[in-house]
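Undergrad: Quick one: structure below, then a few questions.
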Amino acid sequence: MTKPKLRIGVLISGRGTNLQSLIDACTQPDFPAEIACVVSNKPDAHGLARAESSGIEAVSIPHKNYESREAFEKDLTAALTERDVDLVCNAGFMRLLTNSFVAHWFNQQINIHPSLLPAFKGLHVHERVLEAGARISGCTLHFVRAEMDAGPIIAQAAVPVLPDDNADSLAARVLTAEHRLYPMVVKGIADGTITIDGDTVSIAAGAEEHAPLLLCPNL
Ligand code: GRF
């Protein structure tokens with residue numbers, strides 16, 4: 001019997017290019033995960049249209065309609081649970097999450113951030129990387145914890161910062177790495193190559209050939 005696919009719920013707030021990379025990966029028949037739904041806190045997020053045009057359920061839960069974060073997150077968890085989501089994938093989801101939501105999805109929620117964490121948490125990452133004069137930047141996939149852009153690191157991809165870069169050109173280079181890395185990590189979690197125990201992320205023995213890719217894909 002074939003193993004059932006891991007069901008992922010993708011949380012977005014905007015254009016959804018990382019979502020698109022997951023949609024594209026999931027169209028491959030041997031990819032071990034499937035997108036159960038895409039949820040946005042912004043009704044006009046372009047990512048919702050990407051989901052719909054690929055026949056994926058797109059759910060809008062506008063946070064502005066709620067009086068509290070808790071009430072918003074209650075509906076968010078309900079939407080994910082109703083669709084049997086195993087893993088929550090934040091992909092440009094721009095809401096801070098409460099301890100209780102994070103605890104509910106403990107080690108079942110991952111996030112992508114466009115820097116080499118723990119450096120450059122938060123917003124306006126690329127501007128700050130350039131201001132700091134860093135020579136290397138990149139992206140990080142991590143399990144979600146209550147603190148913003150914190151949690152056990154799963155994988156990182158490094159890219160150079162070039163002398164003529166501005167924030168847009170650097171963002172574009174990092175984004176290309178994000179689109180490679182996110183599906184790689186979802187695949188690893190889905191096929192059991194990547195596991196987490198408490199705060200310790202491991203890559204399964206026997207899958208060492210994946211380790212260099214996970215640490216720094218050759219882009
Ligand atoms: C990405 O750079 C991601 O790392 C950050 O927000 C951006 C989302 O872009 N968290 P997109 O919506 O996936 O195009």
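Residue numbering restarts at 1 in every chain; chains get A, B, ... in the order shown in the structure tokens, and ligands count up from 1 in that same order.
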Just want the residues within 10 Å of ligand 1, written as number ranges by chain, counting only C-alpha atoms and all ligand atoms.

TA: A: 11-22, 45-47, 90-94, 111-115, 122-123, 125-126, 138-141, 149, 171-172, 174-179, 182

Undergrad: Leaving out A:Glu52 and any residue of its chain fewer than 5 positions from it, which residues lie within 10 Å of it when counting only C-alpha atoms, given as a ChimeraX atom specification?

TA: /A:37-38,47,57-59

Undergrad: Can you write just those residues out, C-alpha atoms, as a CSV table (one decimal), in the first residue's frame?

TA:
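To be explicit, this is the file written out as part-v9.csv:
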chain,number,residue,atom,x,y,z
A,37,CYS,CA,-5.9,24.2,1.5
A,38,VAL,CA,-4.4,27.7,1.3
A,47,GLY,CA,-1.9,33.7,-3.6
A,57,GLU,CA,-9.3,25.2,-1.9
A,58,ALA,CA,-8.6,28.8,-1.1
A,59,VAL,CA,-9.9,30.0,2.3

Undergrad: Where in chain A does DSSP assign strand (DSSP E), given as JSON, numbers by chain?

TA: {"A": [6, 7, 8, 9, 10, 11, 12, 33, 34, 35, 36, 37, 38, 39, 40, 58, 59, 60, 87, 88, 89, 90, 109, 110, 111, 112, 113, 136, 137, 138, 139, 140, 141, 142, 143, 153, 154, 155, 156, 157, 158, 159, 160, 194, 195, 196, 197, 200, 201, 202, 203]}

Undergrad: For the residues in that selection, give me N, CA and C atoms as a short mmCIF file (atom, residue, chain, number, x, y, z; two decimals), in the first residue's frame.

TA:
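Listed below is the output, again-v3.cif:
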data_model
loop_
_atom_site.label_atom_id
_atom_site.label_comp_id
_atom_site.auth_asym_id
_atom_site.auth_seq_id
_atom_site.Cartn_x
_atom_site.Cartn_y
_atom_site.Cartn_z
N LEU A 6 1.43 13.59 2.93
CA LEU A 6 1.33 14.57 4.01
C LEU A 6 0.44 15.70 3.53
N ARG A 7 -0.52 16.08 4.37
CA ARG A 7 -1.44 17.15 3.97
C ARG A 7 -0.96 18.48 4.56
N ILE A 8 -0.63 19.40 3.66
CA ILE A 8 -0.14 20.68 4.16
C ILE A 8 -1.20 21.77 3.97
N GLY A 9 -1.21 22.69 4.92
CA GLY A 9 -2.05 23.89 4.83
C GLY A 9 -1.10 25.06 4.71
N VAL A 10 -1.24 25.84 3.67
CA VAL A 10 -0.30 26.94 3.42
C VAL A 10 -0.95 28.26 3.86
N LEU A 11 -0.27 28.96 4.76
CA LEU A 11 -0.77 30.26 5.23
C LEU A 11 -0.05 31.38 4.49
N ILE A 12 -0.82 32.26 3.91
CA ILE A 12 -0.25 33.36 3.12
C ILE A 12 -0.91 34.69 3.50
N ALA A 33 3.78 15.06 -0.59
CA ALA A 33 2.85 15.94 0.12
C ALA A 33 1.82 16.49 -0.85
N GLU A 34 0.68 16.90 -0.28
CA GLU A 34 -0.36 17.54 -1.10
C GLU A 34 -0.88 18.75 -0.34
N ILE A 35 -1.37 19.74 -1.09
CA ILE A 35 -1.88 20.94 -0.43
C ILE A 35 -3.37 20.74 -0.14
N ALA A 36 -3.69 20.71 1.16
CA ALA A 36 -5.08 20.50 1.56
C ALA A 36 -5.87 21.79 1.40
N CYS A 37 -5.22 22.91 1.68
CA CYS A 37 -5.87 24.22 1.52
C CYS A 37 -4.84 25.33 1.63
N VAL A 38 -5.23 26.48 1.12
CA VAL A 38 -4.44 27.70 1.28
C VAL A 38 -5.32 28.67 2.05
N VAL A 39 -4.76 29.25 3.10
CA VAL A 39 -5.54 30.19 3.91
C VAL A 39 -4.84 31.53 3.94
N SER A 40 -5.62 32.57 3.72
CA SER A 40 -5.06 33.94 3.78
C SER A 40 -5.83 34.77 4.79
N ALA A 58 -9.15 27.55 -1.55
CA ALA A 58 -8.59 28.81 -1.07
C ALA A 58 -9.56 29.39 -0.04
N VAL A 59 -9.05 29.60 1.17
CA VAL A 59 -9.92 30.04 2.26
C VAL A 59 -9.46 31.42 2.72
N SER A 60 -10.42 32.34 2.80
CA SER A 60 -10.09 33.68 3.26
C SER A 60 -10.63 33.85 4.68
N LEU A 87 0.64 19.48 8.46
CA LEU A 87 1.75 20.42 8.59
C LEU A 87 1.30 21.79 8.08
N VAL A 88 1.49 22.81 8.92
CA VAL A 88 1.15 24.17 8.53
C VAL A 88 2.40 24.82 7.97
N CYS A 89 2.29 25.36 6.77
CA CYS A 89 3.44 25.97 6.09
C CYS A 89 3.19 27.47 5.94
N ASN A 90 3.87 28.27 6.73
CA ASN A 90 3.75 29.72 6.59
C ASN A 90 4.59 30.15 5.40
N GLN A 109 4.43 23.14 12.38
CA GLN A 109 4.30 24.42 11.67
C GLN A 109 5.68 24.93 11.32
N ILE A 110 5.88 25.27 10.05
CA ILE A 110 7.18 25.77 9.61
C ILE A 110 7.00 27.13 8.94
N ASN A 111 8.11 27.86 8.89
CA ASN A 111 8.07 29.21 8.32
C ASN A 111 9.31 29.41 7.45
N ILE A 112 9.17 30.26 6.44
CA ILE A 112 10.34 30.65 5.66
C ILE A 112 10.62 32.13 5.92
N HIS A 113 11.91 32.42 6.09
CA HIS A 113 12.33 33.80 6.34
C HIS A 113 13.48 34.13 5.39
N ILE A 136 27.17 37.64 2.43
CA ILE A 136 26.34 36.47 2.13
C ILE A 136 24.98 36.68 2.78
N SER A 137 23.93 36.35 2.05
CA SER A 137 22.60 36.32 2.66
C SER A 137 21.95 34.99 2.28
N GLY A 138 20.65 34.92 2.40
CA GLY A 138 20.01 33.65 2.06
C GLY A 138 18.66 33.53 2.71
N CYS A 139 18.21 32.31 2.88
CA CYS A 139 16.90 32.09 3.48
C CYS A 139 16.97 30.91 4.45
N THR A 140 15.96 30.88 5.31
CA THR A 140 15.92 29.86 6.37
C THR A 140 14.52 29.28 6.48
N LEU A 141 14.44 27.98 6.57
CA LEU A 141 13.20 27.29 6.93
C LEU A 141 13.36 26.84 8.38
N HIS A 142 12.37 27.15 9.21
CA HIS A 142 12.48 26.76 10.62
C HIS A 142 11.11 26.36 11.16
N PHE A 143 11.13 25.53 12.19
CA PHE A 143 9.90 25.25 12.91
C PHE A 143 9.52 26.50 13.70
N ILE A 153 16.10 25.49 13.39
CA ILE A 153 16.39 25.67 11.96
C ILE A 153 16.42 24.32 11.26
N ILE A 154 15.72 24.24 10.14
CA ILE A 154 15.67 23.00 9.36
C ILE A 154 16.69 23.05 8.23
N ALA A 155 16.69 24.15 7.50
CA ALA A 155 17.53 24.23 6.30
C ALA A 155 17.78 25.68 5.96
N GLN A 156 18.93 25.92 5.36
CA GLN A 156 19.26 27.27 4.90
C GLN A 156 19.90 27.19 3.53
N ALA A 157 19.65 28.22 2.74
CA ALA A 157 20.32 28.33 1.45
C ALA A 157 21.01 29.68 1.42
N ALA A 158 22.27 29.67 1.03
CA ALA A 158 23.05 30.91 1.01
C ALA A 158 23.16 31.45 -0.41
N VAL A 159 23.14 32.77 -0.53
CA VAL A 159 23.40 33.43 -1.83
C VAL A 159 24.38 34.57 -1.58
N PRO A 160 25.15 34.95 -2.60
CA PRO A 160 26.08 36.07 -2.41
C PRO A 160 25.34 37.41 -2.40
N ILE A 194 13.49 14.29 7.25
CA ILE A 194 13.68 15.35 8.24
C ILE A 194 12.72 15.11 9.39
N THR A 195 13.29 15.05 10.61
CA THR A 195 12.43 14.86 11.79
C THR A 195 12.83 15.89 12.84
N ILE A 196 11.92 16.07 13.80
CA ILE A 196 12.24 16.94 14.93
C ILE A 196 11.82 16.26 16.22
N ASP A 197 12.71 16.35 17.22
CA ASP A 197 12.43 15.80 18.54
C ASP A 197 12.69 16.93 19.52
N THR A 200 15.34 19.60 18.45
CA THR A 200 16.46 19.10 17.66
C THR A 200 15.99 18.54 16.33
N VAL A 201 16.46 19.17 15.27
CA VAL A 201 16.10 18.72 13.91
C VAL A 201 17.16 17.74 13.44
N SER A 202 16.72 16.61 12.86
CA SER A 202 17.66 15.61 12.35
C SER A 202 17.34 15.26 10.91
N ILE A 203 18.38 14.89 10.20
CA ILE A 203 18.22 14.33 8.86
C ILE A 203 18.54 12.85 8.99
#

Undergrad: I need the residues of stretch 5-194 of chain A that end up classed as alpha helix (DSSP H) by DSSP on the backbone, written out as an MDAnalysis selection string.

TA: chainID A and resid 17:26 46:53 69:82 99:104 125:132 167:190

Undergrad: Taking into account only C-alpha atoms, which residue in the set A:Glu70, A:Asp199, A:Lys187, A:Lys5 is nearest to A:Asp84?

TA: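 Distance minimum relative to A:Asp84 lands on A:Lys5.
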
Undergrad: Grab the atom CA of A:Leu117 to atom CA of A:Met148 distance for me, in Å with one decimal place.

TA: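 Separation between atom CA of A:Leu117 and atom CA of A:Met148: 11.1 Å.
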
Undergrad: For A:His124, please output as a ChimeraX atom specification all residues within 12 Å (counting only C-alpha atoms; exclusion window: fewer than 3 positions along the same chain).

TA: /A:113-115,120-121,127-131,167-168,170-171

Undergrad: Looking at only C-alpha atoms, which of A:Val185, A:Ile61, A:Ala134, A:Val144 is the one that sits closest to A:Pro163?

TA: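 Between A:Val185, A:Ile61, A:Ala134, A:Val144, the residue approaching A:Pro163 most closely is A:Ala134.
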
Undergrad: Calculate how many Å separate atom CA of A:Asn99 from atom CA of A:Asn41, rounding to one decimal.

TA: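 Result for atom CA of A:Asn99 versus atom CA of A:Asn41: 18.2 Å, one decimal.
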
Undergrad: Return the single residue from A:Pro183, A:Gly151, A:Gly133, A:Pro118 that is closest to A:Cys26, with distances computed using only C-alpha atoms.

TA: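 Nearest to A:Cys26: A:Pro183.
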